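Participant: Sharing model.cif below, mmCIF, C-alpha atoms:
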```cif
data_query
loop_
_atom_site.label_atom_id
_atom_site.label_comp_id
_atom_site.auth_asym_id
_atom_site.auth_seq_id
_atom_site.Cartn_x
_atom_site.Cartn_y
_atom_site.Cartn_z
CA MET A 1 -0.56 -14.79 -5.02
CA ASP A 2 0.56 -12.82 -8.08
CA LEU A 3 -0.37 -9.28 -6.99
CA ALA A 4 0.85 -7.65 -10.22
CA THR A 5 -1.80 -9.42 -12.30
CA ILE A 6 -4.60 -8.73 -9.83
CA ILE A 7 -3.66 -5.09 -9.23
CA GLY A 8 -3.33 -4.38 -12.94
CA MET A 9 -6.58 -5.98 -14.08
CA LEU A 10 -8.59 -4.90 -11.05
CA GLY A 11 -7.25 -1.35 -11.29
CA ALA A 12 -8.17 -1.09 -14.98
CA THR A 13 -11.66 -2.47 -14.25
CA ILE A 14 -12.21 0.01 -11.40
CA MET A 15 -11.17 2.94 -13.62
CA ILE A 16 -13.58 1.87 -16.37
CA VAL A 17 -16.43 1.35 -13.90
CA ALA A 18 -15.69 4.73 -12.31
CA ALA A 19 -15.80 6.44 -15.73
CA ILE A 20 -19.14 4.75 -16.45
CA SER A 21 -20.54 5.73 -13.05
CA LEU A 22 -19.74 9.39 -13.68
CA GLY A 23 -22.14 9.35 -16.63
CA SER A 24 -25.91 9.59 -16.64
CA SER A 25 -26.78 6.02 -15.61
CA PRO A 26 -24.57 2.91 -15.33
CA LEU A 27 -27.54 0.74 -16.32
CA VAL A 28 -27.28 2.18 -19.83
CA PHE A 29 -24.14 0.09 -20.28
CA VAL A 30 -25.86 -3.19 -19.39
CA ASN A 31 -27.45 -5.00 -22.30
CA PRO A 32 -28.19 -8.76 -22.04
CA VAL A 33 -28.40 -9.20 -25.81
CA SER A 34 -24.98 -7.66 -26.34
CA LEU A 35 -23.48 -9.77 -23.54
CA LEU A 36 -24.97 -12.91 -25.05
CA ILE A 37 -23.55 -12.17 -28.48
CA VAL A 38 -20.05 -11.24 -27.34
CA ILE A 39 -19.41 -13.51 -24.33
CA GLY A 40 -21.35 -16.55 -25.47
CA GLY A 41 -20.28 -16.27 -29.09
CA SER A 42 -16.61 -15.68 -28.26
CA ILE A 43 -16.38 -18.65 -25.89
CA LEU A 44 -18.05 -20.98 -28.37
CA ILE A 45 -15.80 -19.90 -31.24
CA VAL A 46 -12.68 -20.41 -29.12
CA LEU A 47 -13.96 -23.84 -28.12
CA SER A 48 -14.48 -24.70 -31.78
CA GLN A 49 -10.75 -24.18 -32.34
CA MET A 50 -9.60 -26.25 -29.36
CA SER A 51 -10.35 -29.50 -27.60
CA PHE A 52 -12.14 -29.61 -24.25
CA SER A 53 -8.96 -30.75 -22.53
CA GLU A 54 -7.04 -27.77 -23.94
CA ALA A 55 -9.78 -25.39 -22.78
CA ARG A 56 -9.76 -26.96 -19.31
CA ASN A 57 -5.97 -26.67 -19.12
CA ALA A 58 -6.19 -23.04 -20.22
CA LEU A 59 -8.61 -22.28 -17.39
CA LYS A 60 -6.36 -24.02 -14.87
CA ALA A 61 -3.34 -22.09 -16.16
CA ALA A 62 -5.22 -18.79 -15.85
CA ILE A 63 -6.22 -19.56 -12.26
CA LYS A 64 -2.62 -20.49 -11.49
CA ALA A 65 -1.44 -17.16 -12.89
CA PHE A 66 -3.56 -15.42 -10.25
CA LYS A 67 -2.93 -17.77 -7.32
CA SER A 68 0.82 -18.24 -7.34
CA SER A 69 4.08 -16.73 -8.51
CA LEU A 70 7.30 -18.49 -9.43
CA PRO A 71 10.41 -18.22 -7.24
CA ASP A 72 13.02 -15.72 -8.39
CA VAL A 73 16.23 -16.97 -9.98
CA GLU A 74 18.54 -15.81 -7.20
CA SER A 75 16.65 -17.59 -4.43
CA THR A 76 16.55 -20.70 -6.63
CA ILE A 77 20.33 -20.59 -7.03
CA ASP A 78 20.70 -20.31 -3.24
CA GLU A 79 18.43 -23.32 -2.79
CA MET A 80 20.45 -25.39 -5.25
CA LEU A 81 23.69 -24.41 -3.48
CA ASP A 82 22.23 -25.66 -0.20
CA ILE A 83 21.30 -28.92 -1.93
CA ALA A 84 24.81 -29.20 -3.39
CA LYS A 85 26.33 -28.79 0.07
CA VAL A 86 24.06 -31.47 1.53
CA ALA A 87 24.90 -33.88 -1.32
CA ARG A 88 28.63 -33.26 -0.91
CA LYS A 89 28.49 -33.76 2.85
CA SER A 90 25.95 -36.58 3.23
CA GLY A 91 25.65 -38.16 -0.23
CA LEU A 92 22.89 -38.19 -2.85
CA LEU A 93 20.59 -40.38 -0.76
CA ALA A 94 20.19 -37.50 1.70
CA LEU A 95 18.42 -35.48 -1.00
CA GLU A 96 15.29 -37.61 -0.62
CA ASP A 97 14.44 -35.64 2.50
CA HIS A 98 14.66 -32.22 0.87
CA GLU A 99 11.27 -30.47 0.78
CA THR A 100 10.37 -28.32 -2.20
CA ASP A 101 7.20 -26.84 -3.73
CA SER A 102 8.36 -27.70 -7.25
CA THR A 103 7.28 -31.09 -8.57
CA PHE A 104 9.98 -30.80 -11.25
CA LEU A 105 12.77 -30.33 -8.71
CA ALA A 106 11.31 -33.02 -6.44
CA GLN A 107 11.33 -35.47 -9.36
CA GLY A 108 14.95 -34.61 -10.15
CA LEU A 109 16.08 -35.04 -6.55
CA GLN A 110 14.35 -38.40 -6.32
CA MET A 111 16.09 -39.52 -9.51
CA LEU A 112 19.45 -38.47 -8.03
CA ALA A 113 18.74 -40.44 -4.87
CA ASP A 114 17.68 -43.45 -6.96
CA GLY A 115 20.98 -43.43 -8.85
CA TYR A 116 19.79 -42.63 -12.38
CA ALA A 117 22.49 -42.31 -15.03
CA PRO A 118 23.27 -38.73 -16.17
CA ASP A 119 21.96 -39.32 -19.71
CA MET A 120 18.69 -40.75 -18.40
CA LEU A 121 18.34 -37.91 -15.88
CA ARG A 122 18.75 -35.27 -18.57
CA GLU A 123 16.43 -37.07 -20.97
CA VAL A 124 13.60 -37.34 -18.44
CA LEU A 125 13.95 -33.76 -17.19
CA ASP A 126 14.17 -32.34 -20.71
CA LYS A 127 11.04 -34.22 -21.73
CA GLU A 128 9.22 -32.94 -18.63
CA ARG A 129 10.35 -29.39 -19.43
CA LEU A 130 9.11 -29.60 -23.02
CA LEU A 131 5.74 -31.02 -21.95
CA THR A 132 5.31 -28.26 -19.35
CA LEU A 133 6.19 -25.68 -22.00
CA GLU A 134 3.60 -27.15 -24.36
CA ARG A 135 0.87 -27.14 -21.70
CA ASN A 136 1.57 -23.54 -20.73
CA ARG A 137 1.60 -22.32 -24.30
CA SER A 138 -1.68 -24.12 -24.94
CA GLY A 139 -3.21 -22.12 -22.09
CA ALA A 140 -1.84 -18.84 -23.44
CA ARG A 141 -3.14 -19.73 -26.92
CA ALA A 142 -6.72 -20.00 -25.64
CA PHE A 143 -6.68 -16.45 -24.30
CA THR A 144 -4.88 -15.15 -27.38
CA LEU A 145 -7.71 -16.60 -29.46
CA LEU A 146 -10.26 -15.00 -27.14
CA ALA A 147 -8.55 -11.62 -27.56
CA GLU A 148 -8.82 -12.00 -31.34
CA VAL A 149 -12.39 -13.31 -31.40
CA ALA A 150 -14.09 -10.95 -28.90
CA PRO A 151 -13.72 -7.74 -30.98
CA ALA A 152 -14.91 -9.64 -34.06
CA MET A 153 -18.00 -10.80 -32.19
CA GLY A 154 -18.49 -7.20 -31.07
CA MET A 155 -18.46 -6.13 -34.70
CA ILE A 156 -20.96 -8.86 -35.57
CA GLY A 157 -23.23 -7.59 -32.80
CA THR A 158 -22.85 -4.05 -34.11
CA LEU A 159 -23.94 -5.14 -37.57
CA ILE A 160 -26.91 -7.02 -36.12
CA GLY A 161 -27.95 -3.91 -34.19
CA LEU A 162 -27.60 -1.68 -37.23
CA VAL A 163 -29.60 -4.03 -39.44
CA ASP A 164 -32.30 -4.23 -36.75
CA MET A 165 -32.37 -0.43 -36.49
CA LEU A 166 -32.51 0.21 -40.23
CA SER A 167 -35.27 -2.36 -40.74
CA ASN A 168 -37.50 -0.62 -38.18
CA MET A 169 -36.98 3.03 -38.98
CA GLU A 170 -40.74 3.60 -39.04
CA ASP A 171 -40.89 2.71 -35.32
CA PRO A 172 -38.91 5.36 -33.39
CA SER A 173 -39.15 3.37 -30.14
CA SER A 174 -37.06 0.53 -31.61
CA ILE A 175 -34.18 2.72 -32.75
CA GLY A 176 -32.74 3.25 -29.24
CA PRO A 177 -32.52 -0.43 -28.21
CA ALA A 178 -31.13 -1.44 -31.59
CA MET A 179 -28.49 1.27 -31.41
CA ALA A 180 -27.59 0.18 -27.86
CA VAL A 181 -26.96 -3.35 -29.08
CA ALA A 182 -24.90 -1.99 -31.97
CA LEU A 183 -22.62 0.12 -29.77
CA LEU A 184 -22.41 -2.01 -26.62
CA THR A 185 -21.36 -5.17 -28.43
CA THR A 186 -18.33 -3.31 -29.80
CA LEU A 187 -17.58 -1.98 -26.30
CA TYR A 188 -17.90 -5.41 -24.69
CA GLY A 189 -15.67 -7.01 -27.31
CA VAL A 190 -12.91 -4.44 -26.86
CA LEU A 191 -13.09 -4.66 -23.06
CA ILE A 192 -12.91 -8.46 -23.01
CA ALA A 193 -9.96 -8.46 -25.42
CA ASN A 194 -7.89 -5.71 -23.78
CA VAL A 195 -8.81 -5.90 -20.09
CA ILE A 196 -9.14 -9.67 -19.64
CA ALA A 197 -7.90 -11.88 -22.47
CA THR A 198 -4.73 -10.09 -23.61
CA PRO A 199 -3.31 -9.48 -20.08
CA ILE A 200 -3.89 -13.12 -19.11
CA ALA A 201 -2.35 -14.38 -22.37
CA GLU A 202 0.72 -12.17 -21.88
CA LYS A 203 1.03 -13.21 -18.24
CA LEU A 204 0.88 -16.89 -19.17
CA GLU A 205 3.51 -16.38 -21.86
CA LEU A 206 5.76 -14.62 -19.36
CA ARG A 207 5.26 -17.39 -16.80
CA THR A 208 6.09 -19.94 -19.50
CA LEU A 209 9.44 -18.28 -20.18
CA GLN A 210 10.19 -17.94 -16.45
CA GLN A 211 9.29 -21.56 -15.75
CA GLU A 212 11.37 -22.78 -18.68
CA GLN A 213 14.36 -20.83 -17.33
CA LEU A 214 13.91 -22.26 -13.83
CA GLN A 215 13.59 -25.82 -15.10
CA SER A 216 16.73 -25.38 -17.21
CA LEU A 217 18.54 -24.04 -14.13
CA TRP A 218 17.36 -26.98 -12.02
CA THR A 219 18.49 -29.46 -14.68
CA ASP A 220 21.99 -27.95 -14.93
CA ALA A 221 22.32 -27.83 -11.14
CA LEU A 222 21.14 -31.40 -10.63
CA LEU A 223 23.56 -32.75 -13.23
CA ALA A 224 26.43 -30.81 -11.65
CA ILE A 225 25.50 -32.14 -8.21
CA GLN A 226 25.32 -35.66 -9.59
CA GLN A 227 28.86 -35.25 -10.93
CA GLY A 228 30.02 -34.31 -7.44
CA ARG A 229 31.16 -30.81 -8.32
CA ASN A 230 32.17 -28.36 -5.62
CA PRO A 231 29.28 -26.09 -4.52
CA ARG A 232 31.40 -23.06 -5.42
CA ILE A 233 31.75 -24.34 -8.99
CA VAL A 234 27.98 -25.02 -9.11
CA GLU A 235 27.35 -21.43 -8.00
CA GLN A 236 29.61 -19.98 -10.69
CA MET A 237 27.88 -22.12 -13.31
CA LEU A 238 24.40 -21.03 -12.21
CA MET A 239 25.38 -17.35 -12.06
CA THR A 240 24.98 -17.26 -15.85
CA TYR A 241 21.21 -17.26 -15.26
CA LEU A 242 21.45 -13.87 -13.50
CA SER A 243 21.65 -10.49 -15.19
CA GLN A 244 25.03 -8.77 -15.19
CA GLU A 245 23.80 -6.27 -12.59
CA ARG A 246 22.64 -9.01 -10.21
CA ARG A 247 25.92 -10.90 -10.68
CA GLU A 248 27.95 -7.83 -9.72
CA LYS A 249 25.81 -7.19 -6.64
CA ARG A 250 26.12 -10.81 -5.59
CA ASP A 251 29.90 -10.76 -6.09
CA ASP A 252 30.16 -7.57 -4.01
CA ALA A 253 28.06 -9.13 -1.23
CA ASP A 254 30.22 -12.28 -1.25
CA ALA A 255 33.40 -10.18 -1.14
CA SER A 256 32.07 -8.13 1.80
CA GLN A 257 31.07 -11.28 3.67
CA ALA A 258 34.50 -12.84 3.05
CA ALA A 259 36.22 -9.67 4.32
CA GLU A 260 34.10 -9.65 7.50
CA THR A 261 34.89 -13.31 8.11
CA SER A 262 38.60 -12.63 7.63
CA ASP A 263 38.50 -9.70 10.07
CA GLU A 264 36.70 -11.77 12.69
CA ALA A 265 39.28 -14.54 12.33
CA GLY A 266 42.10 -12.04 12.67
CA ASN A 267 40.61 -10.47 15.81
CA ALA A 268 40.14 -13.89 17.36
#
```
Any chance you could put this one into structure tokens?
Facilitator:
Amino acid sequence: MDLATIIGMLGATIMIVAAISLGSSPLVFVNPVSLLIVIGGSILIVLSQMSFSEARNALKAAIKAFKSSLPDVESTIDEMLDIAKVARKSGLLALEDHETDSTFLAQGLQMLADGYAPDMLREVLDKERLLTLERNRSGARAFTLLAEVAPAMGMIGTLIGLVDMLSNMEDPSSIGPAMAVALLTTLYGVLIANVIATPIAEKLELRTLQQEQLQSLWTDALLAIQQGRNPRIVEQMLMTYLSQERREKRDDADASQAAETSDEAGNA
């Protein structure tokens, strides 16, 4: 589960609710008319700019952003090195038995075991990567649209409330409810845009970039393994996906491990 997303959004919501609770009455901030205008109107306008399949995919992508996180680059490199060692020792057919949570990597390993040509392997994996990128960006687009539309619907609700208030100035009892609609719709629109829609859209965009990087790494590694390259060469090639700081730390760890192995051999 992606704790960063949950902690951030839940923490912001708790702070807002706490601030409301410290006021006179939390019920003052609940207005069904305002909720109907902002939530219902925003969702319908977003739907009008997308297809039902895009909206469904956006919802699935948002749920996925909460439920799971992608593996980090360094652990992915280690996994590909293990695969390279297995392929070098036992052949490409042995890769059929490798278990992975990534459908992309599983597809690539199966293609290696089936003996696909390098050009065909790259073509299929690149197409899969581009389609995944398109699906993820479609999901992010839905929430970006929601972040743009919600404040506008809040402003529409504010105008409705003001018109209702000004048209009934002779009835003092109607001024309060009309003003509540006018103010709360703006509040609801801003909250939906900044506490829900924008964080999810940014998270989906970040996951899209991370997933694209991982799929590019997997593709490069699989092609190198197919060419029968030494695992050490595969590691050096994949190190380009790490930051300079992580590369230096990894080199230092490898050097320390090599020194310990040399000392143990000398003592023996």
Participant: Give me the residues within 8 Å of Gly157 of chain A as a short mmCIF file (atom, residue, chain, number, x, y, z; two decimals) with C-alpha atoms, in the frame of the given file, counting all atoms listed in the file and dropping any in the same chain fewer than 4 places off.
Facilitator:
```cif
data_model
loop_
_atom_site.label_atom_id
_atom_site.label_comp_id
_atom_site.auth_asym_id
_atom_site.auth_seq_id
_atom_site.Cartn_x
_atom_site.Cartn_y
_atom_site.Cartn_z
CA SER A 34 -24.98 -7.66 -26.34
CA ILE A 37 -23.55 -12.17 -28.48
CA VAL A 38 -20.05 -11.24 -27.34
CA MET A 153 -18.00 -10.80 -32.19
CA GLY A 161 -27.95 -3.91 -34.19
CA VAL A 181 -26.96 -3.35 -29.08
CA ALA A 182 -24.90 -1.99 -31.97
CA THR A 185 -21.36 -5.17 -28.43
CA THR A 186 -18.33 -3.31 -29.80
#
```
Participant: Report, as AutoDock Vina command-line options, the axis-aligned box around all atoms of segment 27-30 of chain A present in the file, extended by 8 Å on each side; give centre and edge lengths in Å to one decimal place.
Facilitator:
```
--center_x -25.8 --center_y -0.5 --center_z -18.3 --size_x 19.4 --size_y 21.4 --size_z 20.0
```
Participant: I need the residue nearest Gly228 of chain A from this list: A:Ala19, A:Ala12, A:Val46, A:Leu112. Use all atoms listed in the file for the distance.
Facilitator: A:Leu112
Participant: Of the candidates A:Asp251, A:Asp220, A:Glu245, A:Asp82, which shows the shortest atom-to-atom distance to Gly108 of chain A, using all atoms listed in the file?
Facilitator: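 Of A:Asp251, A:Asp220, A:Glu245, A:Asp82, the one nearest Gly108 of chain A, counting all atoms listed in the file, is A:Asp220.
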Participant: Between atom CA of Val28 of chain A and atom CA of Gly41 of chain A, what is the distance in Å, rounded to a tenth?
Facilitator: 21.8 Å
Participant: Can you tell me how far atom CA of Ile192 of chain A sits from atom CA of Ala150 of chain A, in Å to one decimal?
Facilitator: 6.5 Å
Participant: Translate the PyMOL selection byres ((chain A and resi 205) around 10), as applied to the file shown, into an explicit residue set as a list in words.
Facilitator: Leu133, Asn136, Arg137, Ser138, Gly139, Ala140, Arg141, Pro199, Ile200, Ala201, Glu202, Lys203, Leu204, Leu206, Arg207, Thr208, Leu209, Gln210 and Gln211 of chain A
